[in-house]
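Content type mmCIF, C-alpha atoms and all ligand atoms, from the file query-v4.cif:
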```
data_target
loop_
_atom_site.label_atom_id
_atom_site.label_comp_id
_atom_site.auth_asym_id
_atom_site.auth_seq_id
_atom_site.Cartn_x
_atom_site.Cartn_y
_atom_site.Cartn_z
CA MET A 68 -102.27 -62.47 -11.42
CA PHE A 69 -102.62 -64.21 -8.08
CA ASP A 70 -101.89 -61.81 -5.24
CA VAL A 71 -100.24 -63.55 -2.31
CA ILE A 72 -100.74 -60.64 0.10
CA SER A 73 -104.50 -60.46 -0.35
CA ALA A 74 -104.67 -64.22 0.17
CA MET A 75 -103.35 -63.85 3.72
CA LEU A 76 -105.00 -66.42 5.90
CA LYS A 77 -107.22 -65.10 8.63
CA ILE A 78 -109.08 -66.82 11.42
CA ARG A 79 -112.10 -65.49 13.25
CA LEU A 80 -113.06 -66.87 16.63
CA PRO A 81 -115.73 -66.09 19.17
CA ARG A 82 -114.52 -64.44 22.38
CA SER A 83 -115.72 -67.40 24.48
CA LEU A 84 -113.60 -69.82 22.48
CA PHE A 85 -110.61 -67.47 22.58
CA ASP A 86 -110.90 -67.20 26.37
CA ARG A 87 -111.11 -70.97 26.74
CA MET A 88 -107.98 -71.38 24.64
CA ILE A 89 -106.10 -68.95 26.90
CA SER A 90 -107.26 -70.64 30.09
CA HIS A 91 -106.25 -74.03 28.71
CA CYS A 92 -102.77 -72.63 28.00
CA ARG A 93 -102.53 -71.15 31.50
CA SER A 94 -103.70 -74.42 33.09
CA GLU A 95 -100.81 -76.36 31.51
CA TYR A 96 -98.21 -73.83 32.64
CA PRO A 97 -95.19 -74.25 32.91
CA HIS A 98 -95.60 -76.80 30.11
CA GLU A 99 -96.69 -75.94 26.60
CA ALA A 100 -100.38 -76.57 25.94
CA CYS A 101 -101.74 -77.49 22.51
CA GLY A 102 -105.07 -77.93 20.81
CA LEU A 103 -107.10 -77.67 17.64
CA LEU A 104 -109.87 -75.39 16.45
CA SER A 105 -112.45 -76.63 14.00
CA GLY A 106 -115.02 -74.84 11.91
CA GLY A 107 -115.37 -73.71 8.34
CA GLU A 108 -114.71 -70.75 6.04
CA GLY A 109 -112.13 -69.21 8.34
CA VAL A 110 -114.39 -69.19 11.39
CA ALA A 111 -113.65 -71.39 14.37
CA GLY A 112 -116.60 -72.82 16.23
CA ARG A 113 -115.22 -75.59 18.38
CA ILE A 114 -112.11 -76.16 20.47
CA TYR A 115 -110.34 -79.45 21.08
CA GLU A 116 -107.92 -79.31 23.99
CA MET A 117 -105.22 -81.86 23.19
CA PRO A 118 -102.63 -83.56 25.39
CA ASN A 119 -99.05 -82.44 24.73
CA ALA A 120 -97.35 -85.80 24.17
CA GLU A 121 -94.00 -84.22 25.05
CA SER A 122 -95.08 -82.65 28.39
CA SER A 123 -92.42 -80.01 27.91
CA PRO A 124 -91.95 -76.31 28.70
CA VAL A 125 -90.23 -75.73 25.34
CA SER A 126 -91.96 -77.96 22.78
CA TYR A 127 -95.18 -79.69 21.93
CA LEU A 128 -96.47 -82.63 19.98
CA VAL A 129 -100.22 -82.99 19.67
CA ASP A 130 -100.93 -86.49 20.93
CA PRO A 131 -101.37 -88.42 17.64
CA GLY A 132 -104.21 -90.66 18.85
CA ALA A 133 -106.15 -87.75 20.30
CA GLN A 134 -105.64 -85.76 17.09
CA PHE A 135 -106.86 -88.66 14.98
CA ARG A 136 -110.06 -88.91 17.04
CA ALA A 137 -110.61 -85.15 16.98
CA MET A 138 -110.21 -84.96 13.21
CA LYS A 139 -112.60 -87.84 12.75
CA GLU A 140 -115.18 -86.00 14.85
CA MET A 141 -114.61 -82.83 12.80
CA ARG A 142 -115.34 -84.70 9.57
CA GLU A 143 -118.46 -86.21 11.10
CA ASN A 144 -119.61 -82.68 12.01
CA GLY A 145 -118.91 -81.44 8.50
CA GLU A 146 -116.10 -79.25 9.83
CA ARG A 147 -112.40 -79.07 9.20
CA MET A 148 -109.38 -78.12 11.25
CA VAL A 149 -108.96 -74.35 10.81
CA ALA A 150 -106.25 -73.73 13.40
CA ILE A 151 -103.70 -75.41 15.62
CA TYR A 152 -102.73 -73.60 18.78
CA HIS A 153 -100.00 -74.01 21.35
CA SER A 154 -98.49 -71.92 24.09
CA HIS A 155 -95.05 -70.51 24.65
CA PRO A 156 -94.88 -70.28 28.45
CA GLN A 157 -91.59 -68.33 28.45
CA SER A 158 -90.51 -67.37 24.94
CA ARG A 159 -92.09 -64.86 22.61
CA PRO A 160 -94.98 -66.07 20.45
CA TYR A 161 -93.01 -66.83 17.30
CA PRO A 162 -92.65 -70.34 15.79
CA SER A 163 -89.57 -72.21 16.97
CA GLN A 164 -87.38 -74.05 14.48
CA LYS A 165 -89.09 -77.26 15.58
CA ASP A 166 -92.56 -75.68 15.22
CA ILE A 167 -91.65 -74.79 11.64
CA SER A 168 -90.19 -78.14 10.68
CA LEU A 169 -93.17 -80.04 12.12
CA ALA A 170 -95.89 -77.86 10.55
CA PHE A 171 -97.71 -80.03 8.04
CA TYR A 172 -101.00 -78.16 7.57
CA SER A 173 -100.53 -75.35 5.09
CA ASP A 174 -104.21 -74.31 5.14
CA ALA A 175 -104.47 -74.04 8.93
CA VAL A 176 -103.54 -71.02 11.03
CA TYR A 177 -100.86 -71.75 13.60
CA ILE A 178 -101.79 -69.82 16.73
CA ILE A 179 -99.16 -69.25 19.40
CA VAL A 180 -100.20 -68.01 22.82
CA GLY A 181 -97.34 -66.21 24.54
CA LEU A 182 -97.73 -66.35 28.31
CA GLY A 183 -95.54 -63.78 29.94
CA GLY A 184 -96.16 -64.24 33.65
CA ASP A 185 -99.15 -62.16 34.76
CA ALA A 186 -99.18 -60.01 31.63
CA PRO A 187 -102.08 -60.44 29.23
CA ALA A 188 -101.48 -63.30 26.80
CA ASP A 189 -99.86 -62.24 23.54
CA VAL A 190 -101.66 -64.23 20.84
CA ARG A 191 -100.30 -64.38 17.27
CA GLY A 192 -101.29 -66.26 14.13
CA TYR A 193 -99.06 -67.65 11.41
CA THR A 194 -99.10 -69.65 8.26
CA ILE A 195 -96.25 -72.09 7.81
CA LEU A 196 -95.59 -73.44 4.35
CA ASP A 197 -92.45 -75.27 3.24
CA GLY A 198 -90.43 -73.86 6.10
CA ARG A 199 -91.57 -70.29 5.47
CA VAL A 200 -93.49 -68.38 8.11
CA GLY A 201 -96.10 -65.76 7.25
CA GLU A 202 -98.41 -63.75 9.44
CA ALA A 203 -102.07 -64.69 9.73
CA GLY A 204 -104.78 -62.48 11.11
CA ILE A 205 -106.80 -63.29 14.21
CA GLU A 206 -110.13 -61.55 14.66
CA ILE A 207 -112.07 -61.96 17.90
CA LEU A 208 -115.83 -62.02 17.44
CA PRO A 209 -118.06 -60.63 20.20
ZN ZN A 301 -93.76 -73.36 19.70
#
```
Before we go any further, please render this structure as structure tokens.
Ligand SMILES: [Zn+2]
Amino acid sequence: MFDVISAMLKIRLPRSLFDRMISHCRSEYPHEACGLLSGGEGVAGRIYEMPNAESSPVSYLVDPGAQFRAMKEMRENGERMVAIYHSHPQSRPYPSQKDISLAFYSDAVYIIVGLGGDAPADVRGYTILDGRVGEAGIEILP
């Protein structure tokens, strides 16, 4: 019998890439930042900082043209998109109703970086499938 719990999605990313993701999110403050992580087998190896086409403090839309080019480059590198990240400059790092309804990649981890002022970033991972949100693990590699 297929066990859903043991199939929990998990993403591993090197510390350097994690730090770059956080600094990208801080640099877009007070707007939401967004980007993609590529790699394979649950390990991220490359970061693509994407423009937020909505330039908003409460929502994001990965610029479609930039995403198309990034995903083409991933394929050319033999990689796939393993995670999509964005920041929540003010609210807690949990998917908004809009985040949920616009989540189309069931095999990617949705990472949300909560930026609470000067506090350390609160980074959480989720899977979003058919409007249902599950937790995904994030492991930082040295
Ligand atoms: Zn969001």
- Would you mind telling me which residue in A:Pro156, A:Tyr172, A:Ala111, A:Arg199 lies nearest to Tyr96 of chain A when using all atoms listed in the file? A:Pro156
Output as JSON lines one row per residue of chain A within 9 Å of ligand ZN 301 (chain A): the closest atom pair and its distance in Å to one decimal place, counting all atoms listed in the file, sorted by chain and residue number ascending.
```
{"residue": "A:Glu99", "atom": "CA", "partner": "A:ZN301", "partner_atom": "ZN", "distance": 7.9}
{"residue": "A:Val125", "atom": "CA", "partner": "A:ZN301", "partner_atom": "ZN", "distance": 7.1}
{"residue": "A:Ser126", "atom": "CA", "partner": "A:ZN301", "partner_atom": "ZN", "distance": 5.8}
{"residue": "A:Tyr127", "atom": "CA", "partner": "A:ZN301", "partner_atom": "ZN", "distance": 6.9}
{"residue": "A:His153", "atom": "CA", "partner": "A:ZN301", "partner_atom": "ZN", "distance": 6.5}
{"residue": "A:Ser154", "atom": "CA", "partner": "A:ZN301", "partner_atom": "ZN", "distance": 6.6}
{"residue": "A:His155", "atom": "CA", "partner": "A:ZN301", "partner_atom": "ZN", "distance": 5.9}
{"residue": "A:Ser158", "atom": "CA", "partner": "A:ZN301", "partner_atom": "ZN", "distance": 8.6}
{"residue": "A:Pro160", "atom": "CA", "partner": "A:ZN301", "partner_atom": "ZN", "distance": 7.4}
{"residue": "A:Tyr161", "atom": "CA", "partner": "A:ZN301", "partner_atom": "ZN", "distance": 7.0}
{"residue": "A:Pro162", "atom": "CA", "partner": "A:ZN301", "partner_atom": "ZN", "distance": 5.1}
{"residue": "A:Ser163", "atom": "CA", "partner": "A:ZN301", "partner_atom": "ZN", "distance": 5.1}
{"residue": "A:Gln164", "atom": "CA", "partner": "A:ZN301", "partner_atom": "ZN", "distance": 8.3}
{"residue": "A:Lys165", "atom": "CA", "partner": "A:ZN301", "partner_atom": "ZN", "distance": 7.3}
{"residue": "A:Asp166", "atom": "CA", "partner": "A:ZN301", "partner_atom": "ZN", "distance": 5.2}
{"residue": "A:Ile167", "atom": "CA", "partner": "A:ZN301", "partner_atom": "ZN", "distance": 8.5}
{"residue": "A:Ile179", "atom": "CA", "partner": "A:ZN301", "partner_atom": "ZN", "distance": 6.8}
{"residue": "A:Val180", "atom": "CA", "partner": "A:ZN301", "partner_atom": "ZN", "distance": 8.9}
```
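From atom CA of Ala188 of chain A back to atom CA of Gly112 of chain A, the distance works out to 20.8 Å.
Here atom CA of Leu76 of chain A and atom CA of Ser90 of chain A stand 24.7 Å from one another.
Here atom CA of Gly106 of chain A is placed at a distance of 20.3 Å from atom CA of Cys92 of chain A.
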- Query: Which is closest to Arg147 of chain A among A:Ile205, A:Cys101, A:Ile89, A:Val110, if we use only C-alpha atoms?
  - Reply: A:Val110
- Show which residues sit within 10 Å of Lys77 of chain A, as a count of residues only. Count only C-alpha atoms, and ignore same-chain residues fewer than 6 positions away. 15
Working from the structure I just supplied, which lacks atoms in segment 136-170 of chain A, can you model N, CA and C atoms there and output them as a compact mmCIF listing (two decimals), keeping the file's coordinate frame?
```txt
# COMPACT_ATOMS: atom_id res chain seq x y z
N ARG A 136 -108.65 -88.86 16.62
CA ARG A 136 -110.06 -88.91 17.04
C ARG A 136 -110.75 -87.56 16.84
N ALA A 137 -110.02 -86.49 17.14
CA ALA A 137 -110.61 -85.15 16.98
C ALA A 137 -110.92 -84.88 15.51
N MET A 138 -110.01 -85.26 14.63
CA MET A 138 -110.21 -84.96 13.21
C MET A 138 -111.32 -85.82 12.62
N LYS A 139 -111.49 -86.99 13.18
CA LYS A 139 -112.60 -87.84 12.75
C LYS A 139 -113.93 -87.19 13.14
N GLU A 140 -113.96 -86.67 14.37
CA GLU A 140 -115.18 -86.00 14.85
C GLU A 140 -115.48 -84.74 14.02
N MET A 141 -114.42 -84.02 13.65
CA MET A 141 -114.61 -82.83 12.80
C MET A 141 -115.27 -83.22 11.48
N ARG A 142 -114.77 -84.26 10.86
CA ARG A 142 -115.34 -84.70 9.57
C ARG A 142 -116.80 -85.09 9.75
N GLU A 143 -117.08 -85.79 10.85
CA GLU A 143 -118.46 -86.21 11.10
C GLU A 143 -119.39 -85.02 11.31
N ASN A 144 -118.82 -83.89 11.81
CA ASN A 144 -119.61 -82.68 12.01
C ASN A 144 -119.61 -81.78 10.78
N GLY A 145 -118.98 -82.25 9.70
CA GLY A 145 -118.91 -81.44 8.50
C GLY A 145 -117.99 -80.24 8.66
N GLU A 146 -117.03 -80.35 9.60
CA GLU A 146 -116.10 -79.25 9.83
C GLU A 146 -114.70 -79.69 9.41
N ARG A 147 -113.79 -78.72 9.43
CA ARG A 147 -112.40 -79.07 9.20
C ARG A 147 -111.53 -78.34 10.23
N MET A 148 -110.29 -78.76 10.31
CA MET A 148 -109.38 -78.12 11.25
C MET A 148 -108.95 -76.78 10.67
N VAL A 149 -109.30 -75.68 11.34
CA VAL A 149 -108.96 -74.35 10.81
C VAL A 149 -107.75 -73.74 11.52
N ALA A 150 -107.42 -74.26 12.70
CA ALA A 150 -106.25 -73.73 13.40
C ALA A 150 -105.69 -74.75 14.37
N ILE A 151 -104.40 -74.61 14.63
CA ILE A 151 -103.70 -75.41 15.62
C ILE A 151 -103.06 -74.41 16.57
N TYR A 152 -103.34 -74.57 17.86
CA TYR A 152 -102.73 -73.60 18.78
C TYR A 152 -101.79 -74.30 19.76
N HIS A 153 -100.81 -73.55 20.23
CA HIS A 153 -100.00 -74.01 21.35
C HIS A 153 -99.46 -72.80 22.07
N SER A 154 -98.96 -73.04 23.28
CA SER A 154 -98.49 -71.92 24.09
C SER A 154 -96.97 -71.88 24.13
N HIS A 155 -96.46 -70.70 24.33
CA HIS A 155 -95.05 -70.51 24.65
C HIS A 155 -95.01 -69.91 26.06
N PRO A 156 -94.80 -70.76 27.07
CA PRO A 156 -94.88 -70.28 28.45
C PRO A 156 -93.84 -69.20 28.76
N GLN A 157 -92.65 -69.29 28.12
CA GLN A 157 -91.59 -68.33 28.45
C GLN A 157 -91.17 -67.48 27.25
N SER A 158 -91.07 -68.09 26.09
CA SER A 158 -90.51 -67.37 24.94
C SER A 158 -91.59 -66.59 24.21
N ARG A 159 -91.14 -65.69 23.33
CA ARG A 159 -92.09 -64.86 22.61
C ARG A 159 -92.91 -65.72 21.65
N PRO A 160 -94.10 -65.25 21.29
CA PRO A 160 -94.98 -66.07 20.45
C PRO A 160 -94.59 -66.06 18.97
N TYR A 161 -93.46 -66.68 18.68
CA TYR A 161 -93.01 -66.83 17.30
C TYR A 161 -92.62 -68.29 17.13
N PRO A 162 -92.93 -68.91 15.96
CA PRO A 162 -92.65 -70.34 15.79
C PRO A 162 -91.18 -70.68 16.00
N SER A 163 -90.93 -71.73 16.78
CA SER A 163 -89.57 -72.21 16.97
C SER A 163 -89.16 -72.98 15.72
N GLN A 164 -87.87 -73.27 15.63
CA GLN A 164 -87.38 -74.05 14.48
C GLN A 164 -88.11 -75.39 14.40
N LYS A 165 -88.38 -75.98 15.56
CA LYS A 165 -89.09 -77.26 15.58
C LYS A 165 -90.55 -77.06 15.15
N ASP A 166 -91.18 -75.97 15.63
CA ASP A 166 -92.56 -75.68 15.22
C ASP A 166 -92.65 -75.62 13.69
N ILE A 167 -91.64 -74.98 13.09
CA ILE A 167 -91.65 -74.79 11.64
C ILE A 167 -91.45 -76.11 10.91
N SER A 168 -90.49 -76.91 11.41
CA SER A 168 -90.19 -78.14 10.68
C SER A 168 -91.29 -79.19 10.86
N LEU A 169 -92.11 -79.05 11.90
CA LEU A 169 -93.17 -80.04 12.12
C LEU A 169 -94.56 -79.50 11.76
N ALA A 170 -94.60 -78.44 10.96
CA ALA A 170 -95.89 -77.86 10.55
C ALA A 170 -96.30 -78.48 9.21
```
